[in-house]
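Undergrad: So that you have it, the file is target.pdb, and it contains PDB, C-alpha atoms and all ligand atoms:
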ATOM      1  CA  MET Q 239     -16.696 -18.336 -10.471  1.00  0.00           C
ATOM      2  CA  LYS Q 240     -16.463 -18.454 -14.238  1.00  0.00           C
ATOM      3  CA  ALA Q 241     -17.058 -14.739 -14.552  1.00  0.00           C
ATOM      4  CA  PHE Q 242     -14.382 -14.158 -11.965  1.00  0.00           C
ATOM      5  CA  ARG Q 243     -11.886 -16.198 -13.969  1.00  0.00           C
ATOM      6  CA  VAL Q 244     -12.668 -14.247 -17.141  1.00  0.00           C
ATOM      7  CA  ASN Q 245     -12.040 -11.077 -15.222  1.00  0.00           C
ATOM      8  CA  ILE Q 246      -8.704 -12.418 -14.036  1.00  0.00           C
ATOM      9  CA  LEU Q 247      -7.571 -13.280 -17.534  1.00  0.00           C
ATOM     10  CA  SER Q 248      -8.632  -9.997 -19.077  1.00  0.00           C
ATOM     11  CA  LEU Q 249      -6.408  -8.139 -16.648  1.00  0.00           C
ATOM     12  CA  ALA Q 250      -3.479 -10.471 -16.853  1.00  0.00           C
ATOM     13  CA  GLY Q 251      -1.757  -9.193 -19.981  1.00  0.00           C
ATOM     14  CA  LEU Q 252      -1.894  -5.515 -19.159  1.00  0.00           C
ATOM     15  CA  GLY Q 253      -1.044  -6.023 -15.508  1.00  0.00           C
ATOM     16  CA  LEU Q 254       1.993  -8.122 -16.115  1.00  0.00           C
ATOM     17  CA  LEU Q 255       3.239  -5.965 -18.928  1.00  0.00           C
ATOM     18  CA  MET Q 256       3.061  -2.968 -16.639  1.00  0.00           C
ATOM     19  CA  ALA Q 257       4.627  -4.919 -13.795  1.00  0.00           C
ATOM     20  CA  ALA Q 258       7.495  -5.924 -16.033  1.00  0.00           C
ATOM     21  CA  MET Q 259       7.973  -2.319 -17.140  1.00  0.00           C
ATOM     22  CA  LEU Q 260       7.855  -0.961 -13.639  1.00  0.00           C
ATOM     23  CA  VAL Q 261       9.752  -3.586 -11.726  1.00  0.00           C
ATOM     24  CA  GLY Q 262      12.353  -4.547 -14.251  1.00  0.00           C
ATOM     25  CA  GLN Q 263      14.390  -7.312 -12.747  1.00  0.00           C
ATOM     26  CA  SER Q 264      12.819  -7.278  -9.325  1.00  0.00           C
ATOM     27  CA  SER Q 265       9.561  -9.139  -8.967  1.00  0.00           C
ATOM     28  CA  LEU Q 266       6.193 -10.053 -10.364  1.00  0.00           C
ATOM     29  CA  GLY Q 267       3.144 -11.317  -8.590  1.00  0.00           C
ATOM     30  CA  GLU Q 268       0.342 -13.620  -9.445  1.00  0.00           C
ATOM     31  CA  CYS Q 269      -3.142 -13.947  -8.114  1.00  0.00           C
ATOM     32  CA  PHE Q 270      -3.855 -14.603  -4.478  1.00  0.00           C
ATOM     33  CA  ARG Q 271      -6.936 -16.521  -3.518  1.00  0.00           C
ATOM     34  CA  PRO Q 272      -8.073 -15.178  -0.193  1.00  0.00           C
ATOM     35  CA  ASP Q 273      -7.829 -17.673   2.622  1.00  0.00           C
ATOM     36  CA  ALA Q 274      -7.459 -17.533   6.348  1.00  0.00           C
ATOM     37  CA  ASP Q 275      -4.409 -19.756   6.356  1.00  0.00           C
ATOM     38  CA  ARG Q 276      -1.342 -17.646   6.606  1.00  0.00           C
ATOM     39  CA  LYS Q 277       0.841 -20.580   5.657  1.00  0.00           C
ATOM     40  CA  THR Q 278       0.104 -19.646   2.059  1.00  0.00           C
ATOM     41  CA  PRO Q 279       2.365 -16.738   1.156  1.00  0.00           C
ATOM     42  CA  ALA Q 280       0.935 -13.621  -0.416  1.00  0.00           C
ATOM     43  CA  CYS Q 281       2.528 -10.646  -2.122  1.00  0.00           C
ATOM     44  CA  LEU Q 282       1.774  -6.942  -1.936  1.00  0.00           C
ATOM     45  CA  LEU Q 283       3.148  -4.552  -4.555  1.00  0.00           C
ATOM     46  CA  ILE Q 284       3.839  -1.055  -3.256  1.00  0.00           C
ATOM     47  CA  GLU Q 285       4.686   1.787  -5.607  1.00  0.00           C
ATOM     48  CA  PRO Q 286       6.059   4.988  -4.063  1.00  0.00           C
ATOM     49  CA  VAL Q 287       4.737   8.118  -5.792  1.00  0.00           C
ATOM     50  CA  ILE Q 288       6.823  11.121  -4.841  1.00  0.00           C
ATOM     51  CA  CYS Q 289       5.239  14.534  -5.238  1.00  0.00           C
ATOM     52  CA  ARG Q 290       7.449  17.332  -6.537  1.00  0.00           C
ATOM     53  CA  SER Q 291       6.883  20.933  -7.579  1.00  0.00           C
ATOM     54  CA  THR Q 292       5.002  21.545 -10.817  1.00  0.00           C
ATOM     55  CA  GLU Q 293       8.412  22.086 -12.422  1.00  0.00           C
ATOM     56  CA  GLY Q 294       9.558  18.661 -11.268  1.00  0.00           C
ATOM     57  CA  LYS Q 295      11.826  19.975  -8.535  1.00  0.00           C
ATOM     58  CA  GLU Q 296      12.147  19.685  -4.758  1.00  0.00           C
ATOM     59  CA  PRO Q 297      10.598  16.284  -4.086  1.00  0.00           C
ATOM     60  CA  ALA Q 298       8.715  15.579  -0.882  1.00  0.00           C
ATOM     61  CA  VAL Q 299      10.610  13.534   1.683  1.00  0.00           C
ATOM     62  CA  SER Q 300      10.238   9.841   0.913  1.00  0.00           C
ATOM     63  CA  ARG Q 301      12.232   8.068   3.591  1.00  0.00           C
ATOM     64  CA  LEU Q 302      11.207   4.468   4.112  1.00  0.00           C
ATOM     65  CA  ASP Q 303      12.427   1.849   6.557  1.00  0.00           C
ATOM     66  CA  ARG Q 304      11.395  -0.915   4.218  1.00  0.00           C
ATOM     67  CA  LYS Q 305      12.589  -3.741   6.429  1.00  0.00           C
ATOM     68  CA  ALA Q 306      10.577  -2.553   9.425  1.00  0.00           C
ATOM     69  CA  ILE Q 307       7.438  -2.212   7.294  1.00  0.00           C
ATOM     70  CA  GLU Q 308       8.041  -5.611   5.732  1.00  0.00           C
ATOM     71  CA  SER Q 309       8.400  -7.197   9.164  1.00  0.00           C
ATOM     72  CA  VAL Q 310       4.894  -6.024  10.141  1.00  0.00           C
ATOM     73  CA  TYR Q 311       3.218  -7.651   7.135  1.00  0.00           C
ATOM     74  CA  ALA Q 312       5.430 -10.712   7.296  1.00  0.00           C
ATOM     75  CA  GLN Q 313       3.347 -11.506  10.391  1.00  0.00           C
ATOM     76  CA  ALA Q 314       0.506 -12.251   7.962  1.00  0.00           C
ATOM     77  CA  ASN Q 315       2.901 -14.023   5.598  1.00  0.00           C
ATOM     78  CA  ILE Q 316       2.655 -11.129   3.179  1.00  0.00           C
ATOM     79  CA  GLN Q 317       5.815 -10.261   1.327  1.00  0.00           C
ATOM     80  CA  ILE Q 318       6.175  -6.729   0.005  1.00  0.00           C
ATOM     81  CA  ALA Q 319       7.647  -6.047  -3.434  1.00  0.00           C
ATOM     82  CA  TRP Q 320       8.641  -2.402  -3.809  1.00  0.00           C
ATOM     83  CA  LEU Q 321       8.205  -0.944  -7.282  1.00  0.00           C
ATOM     84  CA  GLN Q 322      10.359   1.835  -8.696  1.00  0.00           C
ATOM     85  CA  PRO Q 323       9.138   5.261  -7.539  1.00  0.00           C
ATOM     86  CA  ARG Q 324       7.100   7.454  -9.847  1.00  0.00           C
ATOM     87  CA  TYR Q 325       6.599  11.209  -9.616  1.00  0.00           C
ATOM     88  CA  LEU Q 326       3.612  13.497  -9.374  1.00  0.00           C
ATOM     89  CA  ASP Q 327       4.692  17.009 -10.320  1.00  0.00           C
ATOM     90  CA  HIS Q 328       2.103  19.318  -8.800  1.00  0.00           C
ATOM     91  CA  THR Q 329       3.061  21.907  -6.205  1.00  0.00           C
ATOM     92  CA  ALA Q 330      -0.356  22.074  -4.507  1.00  0.00           C
ATOM     93  CA  ALA Q 331      -0.482  18.277  -4.256  1.00  0.00           C
ATOM     94  CA  ARG Q 332       3.013  18.191  -2.781  1.00  0.00           C
ATOM     95  CA  ASP Q 333       2.389  20.960  -0.269  1.00  0.00           C
ATOM     96  CA  GLY Q 334      -0.972  19.743   0.976  1.00  0.00           C
ATOM     97  CA  THR Q 335      -2.986  22.727  -0.243  1.00  0.00           C
ATOM     98  CA  ALA Q 336      -4.834  20.304  -2.518  1.00  0.00           C
ATOM     99  CA  ASN Q 337      -6.824  17.865  -0.397  1.00  0.00           C
ATOM    100  CA  TRP Q 338      -6.618  14.087  -0.758  1.00  0.00           C
ATOM    101  CA  LYS Q 339      -9.561  13.920  -3.143  1.00  0.00           C
ATOM    102  CA  LYS Q 340      -7.859  16.395  -5.428  1.00  0.00           C
ATOM    103  CA  VAL Q 341      -4.550  14.528  -5.196  1.00  0.00           C
ATOM    104  CA  SER Q 342      -6.377  11.338  -6.081  1.00  0.00           C
ATOM    105  CA  GLU Q 343      -8.011  13.044  -9.102  1.00  0.00           C
ATOM    106  CA  ILE Q 344      -4.757  14.605 -10.303  1.00  0.00           C
ATOM    107  CA  GLY Q 345      -2.969  11.259 -10.052  1.00  0.00           C
ATOM    108  CA  ALA Q 346      -5.817   9.548 -11.913  1.00  0.00           C
ATOM    109  CA  LYS Q 347      -5.693  12.117 -14.737  1.00  0.00           C
ATOM    110  CA  ARG Q 348      -1.963  11.556 -15.069  1.00  0.00           C
ATOM    111  CA  GLY Q 349      -2.342   7.792 -15.205  1.00  0.00           C
ATOM    112  CA  LEU Q 350      -0.561   7.143 -11.925  1.00  0.00           C
ATOM    113  CA  TRP Q 351      -2.967   4.557 -10.567  1.00  0.00           C
ATOM    114  CA  GLY Q 352      -5.686   3.806 -13.077  1.00  0.00           C
ATOM    115  CA  SER Q 353      -3.821   1.023 -14.830  1.00  0.00           C
ATOM    116  CA  GLY Q 354      -1.047  -1.463 -14.308  1.00  0.00           C
ATOM    117  CA  PRO Q 355      -0.800  -4.222 -11.744  1.00  0.00           C
ATOM    118  CA  ILE Q 356      -2.957  -4.100  -8.641  1.00  0.00           C
ATOM    119  CA  ARG Q 357      -0.838  -2.322  -6.069  1.00  0.00           C
ATOM    120  CA  VAL Q 358      -0.704   0.166  -3.235  1.00  0.00           C
ATOM    121  CA  SER Q 359       0.331   3.640  -4.371  1.00  0.00           C
ATOM    122  CA  LEU Q 360       2.219   5.233  -1.486  1.00  0.00           C
ATOM    123  CA  VAL Q 361       2.129   8.976  -2.146  1.00  0.00           C
ATOM    124  CA  PHE Q 362       4.690  11.211  -0.426  1.00  0.00           C
ATOM    125  CA  VAL Q 363       3.741  14.838   0.174  1.00  0.00           C
ATOM    126  CA  ASN Q 364       5.017  17.672   2.395  1.00  0.00           C
ATOM    127  CA  ALA Q 365       1.765  18.229   4.282  1.00  0.00           C
ATOM    128  CA  ILE Q 366      -1.767  16.871   4.535  1.00  0.00           C
ATOM    129  CA  GLY Q 367      -4.609  19.356   4.997  1.00  0.00           C
ATOM    130  CA  GLY Q 368      -1.978  22.036   5.481  1.00  0.00           C
ATOM    131  CA  LYS Q 369      -0.422  20.141   8.413  1.00  0.00           C
ATOM    132  CA  PRO Q 370       3.154  18.837   8.303  1.00  0.00           C
ATOM    133  CA  GLY Q 371       4.100  15.266   9.053  1.00  0.00           C
ATOM    134  CA  PRO Q 372       4.585  12.733  10.270  1.00  0.00           C
ATOM    135  CA  ARG Q 373       0.986  12.042   9.332  1.00  0.00           C
ATOM    136  CA  GLY Q 374      -0.885   9.983   6.802  1.00  0.00           C
ATOM    137  CA  LEU Q 375      -4.154   9.012   5.197  1.00  0.00           C
ATOM    138  CA  GLY Q 376      -4.899   5.520   4.020  1.00  0.00           C
ATOM    139  CA  ALA Q 377      -7.400   3.464   2.045  1.00  0.00           C
ATOM    140  CA  ILE Q 378      -8.135   6.119  -0.542  1.00  0.00           C
ATOM    141  CA  ASP Q 379     -10.091   4.817  -3.452  1.00  0.00           C
ATOM    142  CA  SER Q 380     -11.500   7.385  -5.805  1.00  0.00           C
ATOM    143  CA  ARG Q 381     -13.499   4.880  -7.817  1.00  0.00           C
ATOM    144  CA  PRO Q 382     -17.238   5.167  -7.128  1.00  0.00           C
ATOM    145  CA  GLU Q 383     -17.856   1.453  -6.747  1.00  0.00           C
ATOM    146  CA  ARG Q 384     -14.966   1.070  -4.273  1.00  0.00           C
ATOM    147  CA  PRO Q 385     -13.823  -2.307  -5.606  1.00  0.00           C
ATOM    148  CA  PHE Q 386     -11.422  -2.729  -2.725  1.00  0.00           C
ATOM    149  CA  GLY Q 387     -14.158  -2.806  -0.096  1.00  0.00           C
ATOM    150  CA  PRO Q 388     -13.077  -1.284   3.201  1.00  0.00           C
ATOM    151  CA  GLY Q 389      -9.524  -0.759   1.936  1.00  0.00           C
ATOM    152  CA  GLY Q 390      -8.219   1.222  -0.985  1.00  0.00           C
ATOM    153  CA  PRO Q 391      -5.146   1.297  -3.173  1.00  0.00           C
ATOM    154  CA  ILE Q 392      -3.842   4.789  -2.402  1.00  0.00           C
ATOM    155  CA  CYS Q 393      -2.331   6.193   0.762  1.00  0.00           C
ATOM    156  CA  ILE Q 394      -0.744   9.573   1.367  1.00  0.00           C
ATOM    157  CA  VAL Q 395       2.094  10.166   3.794  1.00  0.00           C
ATOM    158  CA  ALA Q 396       3.765  13.412   4.866  1.00  0.00           C
ATOM    159  CA  LEU Q 397       7.165  13.257   6.547  1.00  0.00           C
ATOM    160  CA  PRO Q 398       9.208  16.113   8.004  1.00  0.00           C
ATOM    161  CA  ASP Q 399      12.444  17.322   6.361  1.00  0.00           C
ATOM    162  CA  LYS Q 400      14.493  16.410   9.369  1.00  0.00           C
ATOM    163  CA  GLN Q 401      13.930  13.010  10.821  1.00  0.00           C
ATOM    164  CA  LYS Q 402      13.109  13.385  14.509  1.00  0.00           C
ATOM    165  CA  ALA Q 403      11.143  10.235  15.280  1.00  0.00           C
ATOM    166  CA  PRO Q 404      12.096   7.383  12.933  1.00  0.00           C
ATOM    167  CA  VAL Q 405       9.934   4.755  14.632  1.00  0.00           C
ATOM    168  CA  MET Q 406       6.907   7.030  14.512  1.00  0.00           C
ATOM    169  CA  GLU Q 407       7.508   7.659  10.805  1.00  0.00           C
ATOM    170  CA  THR Q 408       7.711   3.960  10.095  1.00  0.00           C
ATOM    171  CA  PHE Q 409       4.577   3.369  12.117  1.00  0.00           C
ATOM    172  CA  CYS Q 410       2.801   6.060  10.096  1.00  0.00           C
ATOM    173  CA  VAL Q 411       3.568   4.353   6.780  1.00  0.00           C
ATOM    174  CA  ALA Q 412       2.860   0.819   8.055  1.00  0.00           C
ATOM    175  CA  HIS Q 413      -0.410   1.999   9.615  1.00  0.00           C
ATOM    176  CA  GLU Q 414      -1.654   3.607   6.389  1.00  0.00           C
ATOM    177  CA  ILE Q 415      -0.784   0.472   4.439  1.00  0.00           C
ATOM    178  CA  GLY Q 416      -2.901  -1.379   7.003  1.00  0.00           C
ATOM    179  CA  HIS Q 417      -5.850   0.887   6.152  1.00  0.00           C
ATOM    180  CA  CYS Q 418      -5.280   0.127   2.452  1.00  0.00           C
ATOM    181  CA  LEU Q 419      -5.539  -3.563   3.319  1.00  0.00           C
ATOM    182  CA  GLY Q 420      -8.843  -3.003   5.091  1.00  0.00           C
ATOM    183  CA  LEU Q 421      -7.871  -2.448   8.733  1.00  0.00           C
ATOM    184  CA  VAL Q 422      -9.732   0.040  10.904  1.00  0.00           C
ATOM    185  CA  HIS Q 423      -8.695   1.746  14.146  1.00  0.00           C
ATOM    186  CA  ALA Q 424      -8.807  -0.482  17.227  1.00  0.00           C
ATOM    187  CA  VAL Q 425     -11.415   1.719  18.903  1.00  0.00           C
ATOM    188  CA  LYS Q 426     -13.793   0.940  16.042  1.00  0.00           C
ATOM    189  CA  ASP Q 427     -12.863  -2.726  15.793  1.00  0.00           C
ATOM    190  CA  PRO Q 428     -14.722  -5.067  18.157  1.00  0.00           C
ATOM    191  CA  LEU Q 429     -12.419  -7.946  17.177  1.00  0.00           C
ATOM    192  CA  VAL Q 430      -9.315  -6.279  18.573  1.00  0.00           C
ATOM    193  CA  PRO Q 431      -8.690  -6.457  22.341  1.00  0.00           C
ATOM    194  CA  ASP Q 432      -8.398  -3.050  24.045  1.00  0.00           C
ATOM    195  CA  ASP Q 433      -5.398  -3.997  26.150  1.00  0.00           C
ATOM    196  CA  LYS Q 434      -3.073  -5.064  23.343  1.00  0.00           C
ATOM    197  CA  THR Q 435      -0.922  -2.532  21.541  1.00  0.00           C
ATOM    198  CA  ASN Q 436      -1.018  -3.064  17.787  1.00  0.00           C
ATOM    199  CA  ILE Q 437      -0.767  -1.378  14.391  1.00  0.00           C
ATOM    200  CA  MET Q 438      -4.264   0.135  14.753  1.00  0.00           C
ATOM    201  CA  SER Q 439      -4.166   1.064  18.462  1.00  0.00           C
ATOM    202  CA  GLY Q 440      -2.548   3.696  20.641  1.00  0.00           C
ATOM    203  CA  GLY Q 441       0.556   2.885  22.647  1.00  0.00           C
ATOM    204  CA  LYS Q 442       4.298   2.925  22.150  1.00  0.00           C
ATOM    205  CA  TYR Q 443       5.263   3.295  18.512  1.00  0.00           C
ATOM    206  CA  SER Q 444       7.879   0.548  18.785  1.00  0.00           C
ATOM    207  CA  GLU Q 445       5.175  -1.868  19.957  1.00  0.00           C
ATOM    208  CA  ARG Q 446       2.661  -0.715  17.374  1.00  0.00           C
ATOM    209  CA  ILE Q 447       5.061  -1.956  14.698  1.00  0.00           C
ATOM    210  CA  GLY Q 448       6.560  -4.672  16.902  1.00  0.00           C
ATOM    211  CA  LYS Q 449       6.338  -8.419  16.651  1.00  0.00           C
ATOM    212  CA  ASN Q 450       2.660  -8.423  17.659  1.00  0.00           C
ATOM    213  CA  ALA Q 451       1.661  -5.480  15.467  1.00  0.00           C
ATOM    214  CA  LEU Q 452      -0.957  -7.572  13.699  1.00  0.00           C
ATOM    215  CA  MET Q 453      -3.625  -9.170  15.880  1.00  0.00           C
ATOM    216  CA  PRO Q 454      -5.138 -12.488  14.696  1.00  0.00           C
ATOM    217  CA  SER Q 455      -8.230 -10.665  13.392  1.00  0.00           C
ATOM    218  CA  HIS Q 456      -5.974  -8.214  11.519  1.00  0.00           C
ATOM    219  CA  ILE Q 457      -4.235 -11.118   9.826  1.00  0.00           C
ATOM    220  CA  ARG Q 458      -7.547 -12.577   8.735  1.00  0.00           C
ATOM    221  CA  GLN Q 459      -8.655  -9.182   7.427  1.00  0.00           C
ATOM    222  CA  VAL Q 460      -5.519  -8.237   5.496  1.00  0.00           C
ATOM    223  CA  ARG Q 461      -5.345 -11.642   3.869  1.00  0.00           C
ATOM    224  CA  LYS Q 462      -8.798 -11.013   2.403  1.00  0.00           C
ATOM    225  CA  SER Q 463      -7.564  -7.892   0.624  1.00  0.00           C
ATOM    226  CA  LYS Q 464      -8.042  -7.749  -3.118  1.00  0.00           C
ATOM    227  CA  LEU Q 465      -4.736  -5.920  -3.331  1.00  0.00           C
ATOM    228  CA  LEU Q 466      -2.790  -9.113  -2.720  1.00  0.00           C
ATOM    229  CA  TRP Q 467      -1.049 -11.292  -5.242  1.00  0.00           C
ATOM    230  CA  ARG Q 468      -0.409 -14.948  -4.714  1.00  0.00           C
ATOM    231  CA  ARG Q 469       3.303 -14.565  -4.380  1.00  0.00           C
ATOM    232  CA  CYS Q 470       6.252 -12.406  -5.264  1.00  0.00           C
ATOM    233  CA  VAL Q 471       8.509 -13.960  -7.856  1.00  0.00           C
ATOM    234  CA  THR Q 472      12.101 -12.867  -8.143  1.00  0.00           C
ATOM    235  CA  GLU Q 473      13.159 -13.147 -11.730  1.00  0.00           C
ATOM    236  CA  SER Q 474      16.837 -12.974 -10.875  1.00  0.00           C
ATOM    237  CA  GLY Q 475      16.258 -15.956  -8.591  1.00  0.00           C
ATOM    238  CA  GLY Q 476      15.167 -17.985 -11.584  1.00  0.00           C
ATOM    239  CA  ALA Q 477      11.580 -18.464 -10.469  1.00  0.00           C
ATOM    240  CA  LYS Q 478       8.734 -17.902 -12.920  1.00  0.00           C
ATOM    241  CA  SER Q 479       5.205 -16.805 -12.268  1.00  0.00           C
ATOM    242  CA  SER Q 480       2.295 -18.452 -14.024  1.00  0.00           C
ATOM    243  CA  ARG Q 481       1.295 -15.047 -15.381  1.00  0.00           C
ATOM    244  CA  THR Q 482      -2.150 -14.685 -13.973  1.00  0.00           C
ATOM    245  CA  GLN Q 483      -3.479 -11.878 -11.918  1.00  0.00           C
ATOM    246  CA  SER Q 484      -6.655 -11.346  -9.967  1.00  0.00           C
ATOM    247  CA  SER Q 485      -8.055  -8.655  -7.785  1.00  0.00           C
ATOM    248  CA  GLY Q 486      -9.512  -6.562 -10.548  1.00  0.00           C
ATOM    249  CA  LYS Q 487     -13.127  -6.773  -9.560  1.00  0.00           C
TER     250      LYS Q 487
HETATM  251 ZN    ZN M 501      -5.476   5.503  10.867  1.00  0.00          ZN
END
I'd like the structure from this file rewritten - as structure tokens, please.

TA:
Amino acid sequence: MKAFRVNILSLAGLGLLMAAMLVGQSSLGECFRPDADRKTPACLLIEPVICRSTEGKEPAVSRLDRKAIESVYAQANIQIAWLQPRYLDHTAARDGTANWKKVSEIGAKRGLWGSGPIRVSLVFVNAIGGKPGPRGLGAIDSRPERPFGPGGPICIVALPDKQKAPVMETFCVAHEIGHCLGLVHAVKDPLVPDDKTNIMSGGKYSERIGKNALMPSHIRQVRKSKLLWRRCVTESGGAKSSRTQSSGK
């Protein structure tokens, strides 16, 4: 426990400095102690990373129905704080000719996810494995020790130029975030009933992100994620955080 606290404190300064730089007036988090009681609010920071050409042109599509995604994780009493987007200028990464491992390496070399507050990096590309969207990949963690357990802090999403299926797109993003938080597909999850449509199952897209998107076992799982902060604090609302962060181990 003591070692854990030391770890928390050593990350605090850097994390909050970066959070302040990235979020400006929006929000900061503080540490979340995992519990099964969803009455305690938690906060998830999500940072969009938009891939563009190597010359910094023609960004990948980065549409987001933030409210719909927020409503899924609100079921676990997790509030999402969206950070300002950053850019990854690499044509092969954007166009899906570089695979996810390569994208993860390129982003790491450019300092896109190796430092700063614990967060989900939501990477927008034009294609994954050469295939256009809507499609995604979640729970990517390039670090060898996989400190985030079954989850991971990076997910990659490809969306088509023209929006044809908005609910499916939203599902795609919400589903990949679920993987980042440690969820697995319903067919591989003995705790999830087969006959209930949810964020990790098949079924109608509107139900997969509907009011029962998260099953009780999903809620327990996501609230264990080391990506969570204790709460989101809105500076403009006058609230202050106690400036501690966890999740770094
Ligand atoms: Zn999946």

Undergrad: Quick one: residues within 9 Å of range 335-349 of chain Q, all atoms listed in the file counted, chain neighbours fewer than 5 positions away excluded, as a list in words?

TA: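 Counting all atoms listed in the file, the residues come to Leu326, His328, Thr329, Ala330, Ala365, Ile366, Gly367, Gly368, Leu375, Ile378, Asp379, Ser380, Ile392 and Ile394 of chain Q.
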
Undergrad: Measure the distance from CA of Asp399 in chain Q to CA of Ala298 in chain Q in Å and round it to one decimal.

TA: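 Pair CA of Asp399 in chain Q / CA of Ala298 in chain Q returns 8.3 Å.
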
Undergrad: Counting all atoms listed in the file, which of Q:Arg373, Q:Arg461, Q:Lys400, Q:Arg468 gets nearest to ligand ZN 501 (chain M)?

TA: Q:Arg373

Undergrad: Just to confirm, what's the straight-line distance from CA of Ile356 in chain Q to CA of Lys449 in chain Q in Å (one decimal)?

TA: 27.3 Å

Undergrad: Show me which residues line ligand ZN 501 (chain M), defined as having an atom within 7 Å of a ligand atom where all atoms listed in the file count, and present them as a ChimeraX atom specification.

TA: /Q:375-376,413-414,417,422-423,438

Undergrad: Evaluate the PyMOL selection byres (((chain Q and resi 434) around 10) and not hetatm) against this structure - the residues, as a list in words, please.

TA: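 Matching residues under the PyMOL selection byres (((chain Q and resi 434) around 10) and not hetatm) are Ala424, Val430, Pro431, Asp432, Asp433, Thr435, Asn436, Ile437, Ser439, Gly440, Gly441, Glu445, Arg446, Asn450, Ala451 and Met453 of chain Q.
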
Undergrad: What is the CA of Arg301 in chain Q to CA of Val395 in chain Q distance in Å?

TA: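 About the pair CA of Arg301 in chain Q and CA of Val395 in chain Q: they are 10.4 Å apart.
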
Undergrad: Skip Pro454 in chain Q itself and residues of its chain fewer than 5 positions away, then list as a compact mmCIF listing (two decimals) with C-alpha atoms, in the coordinates of the input all residues within 10 Å of it, counting only C-alpha atoms.

TA:
# COMPACT_ATOMS: atom_id res chain seq x y z
CA GLN Q 313 3.35 -11.51 10.39
CA ALA Q 314 0.51 -12.25 7.96
CA LEU Q 429 -12.42 -7.95 17.18
CA VAL Q 430 -9.32 -6.28 18.57
CA GLN Q 459 -8.65 -9.18 7.43

Undergrad: With distances taken over only C-alpha atoms, which residue among Q:Tyr311, Q:Tyr325, Q:Trp467, Q:Trp320 lies nearest Trp351 in chain Q?

TA: Q:Tyr325

Undergrad: Calculated over all atoms listed in the file, which of the candidates Q:Ala280, Q:Val358, Q:Val310, Q:Ile318 has the smallest distance to His456 in chain Q?

TA: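 Of the candidates, the smallest distance to His456 in chain Q is held by Q:Val310.
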
Undergrad: Considering all atoms listed in the file, state which residue in the set Q:Gly448, Q:Pro388, Q:Pro297, Q:Pro428 is at the smallest distance from Met406 in chain Q.

TA: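 For Met406 in chain Q, the nearest of the given residues is Q:Gly448.
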
Undergrad: Is it possible to get the axis-aligned box enclosing range 302-319 of chain Q (all listed atoms, 8 Å extra per side) as AutoDock Vina command-line options, with centre and edge lengths in Å rounded to one decimal?

TA:
--center_x 6.5 --center_y -4.8 --center_z 3.5 --size_x 28.1 --size_y 34.5 --size_z 29.8
